[in-house]
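Beneath this line is the structure, given in structure tokens, with notes to follow.
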Amino acid sequence: MKNAIIYTIVFISLQVVFGGIVMVVSKLMGFAPMGSVSLITASILCNLVAFALFLKCKWAEVSGHWLRTRPWTVLLWTVVASLGAITPSVWLQEMLPELPNVAERGLDSLMSNRLGYVVVGLLAPLVEELVFRGAVLRSLLRWHHNHWVAIAISAALFALTHMNPAQMPHAFLIGMLVGWMYYRTDSIIPGVVYHWVNNSVAYAMYHISVVLYGTADPTLEDMFGSHVLLEVAFSLLILMPAIYQLNLRMKK
């Protein structure tokens, strides 16, 4: 448990430090401190340093052993599961009391820039899975005999690291699912694929929604009208078979 908290604090500290440095430098150079360039630069630096640090210190171990078993059907069902989970997760979040979106401005700056995909779609899935599954969850699984307790704690730490209440419910659900995948396979690869699909869809929907609905954050009712529950049910018909297939096929 101690190591998991230390890893989380290190990751958050890197975000704060690089965010602060880039904001100061941006201000001195005449750029907007919370503009796209500043946020993308800070995020890229933070992720690259975190990736190198966790590997160098051997807090997370990376091996190609599981990938050499050619688990292509597992990765295919991982993609399907990620696509099927998006609408139910958004629906559950909309059913909850509205949570403060304290990072809304920063997210808009990041998502609206084409280079933002480097952070959102490429670096974040890889580095966050390395940190929170490859290091945090791995240490928690050694600490507690009940793997669901370890997975839940790692998912909670993953959600808290986003430091934005509006993102936390969805991040927690993702953390639970990819945590289970890591426990079953001892590999971060399924989580990276799931995370990549989820973030890529979010990035694409941001731009599509601006064009179709005039807002980057439409509700499910805006998109599906009175058929929201039908869309949720349809998504569950995609998600549940995918989870079943993953449960059958995932092996350490």
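We name chains A, B, ... following the order of the structure tokens; residues begin at 1 in each chain, and ligands are numbered from 1 as shown.
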- Task: Excluding Lys58 (chain A) and residues on its chain fewer than 6 positions from it, collect all residues at most 12 Å away from it, counting only C-alpha atoms, and give them as a ChimeraX atom specification.
- Result: /A:7,50-52,130-131,134-135,138-139
Take the selection from the previous step and output its residues with N, CA and C atoms, as a PDB file, in the first residue's frame.
```
ATOM      1  N   TYR A   7       4.049   5.908  -5.529  1.00  0.00           N
ATOM      2  CA  TYR A   7       4.036   5.995  -6.992  1.00  0.00           C
ATOM      3  C   TYR A   7       3.018   7.047  -7.458  1.00  0.00           C
ATOM      4  N   ALA A  50       7.930  10.565 -16.641  1.00  0.00           N
ATOM      5  CA  ALA A  50       7.308   9.518 -15.824  1.00  0.00           C
ATOM      6  C   ALA A  50       7.596   8.140 -16.399  1.00  0.00           C
ATOM      7  N   PHE A  51       7.483   8.006 -17.706  1.00  0.00           N
ATOM      8  CA  PHE A  51       7.745   6.727 -18.372  1.00  0.00           C
ATOM      9  C   PHE A  51       9.184   6.273 -18.119  1.00  0.00           C
ATOM     10  N   ALA A  52      10.131   7.185 -18.326  1.00  0.00           N
ATOM     11  CA  ALA A  52      11.550   6.855 -18.131  1.00  0.00           C
ATOM     12  C   ALA A  52      11.850   6.554 -16.664  1.00  0.00           C
ATOM     13  N   LEU A 130       1.176   2.123 -17.551  1.00  0.00           N
ATOM     14  CA  LEU A 130       2.456   1.729 -16.958  1.00  0.00           C
ATOM     15  C   LEU A 130       2.501   2.083 -15.476  1.00  0.00           C
ATOM     16  N   VAL A 131       2.044   3.293 -15.150  1.00  0.00           N
ATOM     17  CA  VAL A 131       2.103   3.769 -13.764  1.00  0.00           C
ATOM     18  C   VAL A 131       1.044   3.092 -12.895  1.00  0.00           C
ATOM     19  N   GLY A 134       0.921  -1.129 -14.119  1.00  0.00           N
ATOM     20  CA  GLY A 134       2.228  -1.761 -14.056  1.00  0.00           C
ATOM     21  C   GLY A 134       2.988  -1.521 -12.769  1.00  0.00           C
ATOM     22  N   ALA A 135       2.700  -0.431 -12.071  1.00  0.00           N
ATOM     23  CA  ALA A 135       3.392  -0.140 -10.811  1.00  0.00           C
ATOM     24  C   ALA A 135       2.431  -0.140  -9.620  1.00  0.00           C
ATOM     25  N   ARG A 138       0.254  -3.450  -9.416  1.00  0.00           N
ATOM     26  CA  ARG A 138       1.163  -4.578  -9.176  1.00  0.00           C
ATOM     27  C   ARG A 138       1.590  -4.640  -7.714  1.00  0.00           C
ATOM     28  N   SER A 139       1.894  -3.470  -7.137  1.00  0.00           N
ATOM     29  CA  SER A 139       2.291  -3.449  -5.729  1.00  0.00           C
ATOM     30  C   SER A 139       1.109  -3.753  -4.814  1.00  0.00           C
TER      31      SER A 139
END
```
- Spatial neighbours of Pro169 (chain A), max dist 12 Å, only C-alpha atoms, sep filter under 5 positions, as a PyMOL selection string: chain A and resi 88-99+155-160+162-164+174-176
- CA of Pro241 (chain A) and CA of Val193 (chain A) are how many Å apart?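 Result for CA of Pro241 (chain A) versus CA of Val193 (chain A): 17.8 Å, one decimal.
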- Within region 57-183 of chain A, find each residue whose DSSP state, derived from the backbone, is alpha helix (DSSP H), and express the selection as a PyMOL selection string. chain A and resi 72-95+104-112+116-117+124-131+138-143+147-161+168-183
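Excluding Trp196 (chain A) itself and any same-chain residue fewer than 5 positions from it, the protein and nucleic acid residues within 10 Å of it, counting only C-alpha atoms, are Val79, Ser82, Val120, Gly121, Leu122, Leu123, Ala124, Pro125, Leu126, Pro190, Gly191, Val201 and Ala202 of chain A.
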- Query: When distances are computed from only C-alpha atoms, which of A:Val24, A:Phe234, A:Leu39, A:Met181 shows the smallest separation from Gly106 (chain A)?
  - Reply: A:Leu39
- Task: Name all residues at most 7 Å from Val22 (chain A) (count only C-alpha atoms; drop same-chain ones fewer than 4 positions away) and give them as number ranges by chain.
- Result: A: 18, 26, 38, 42
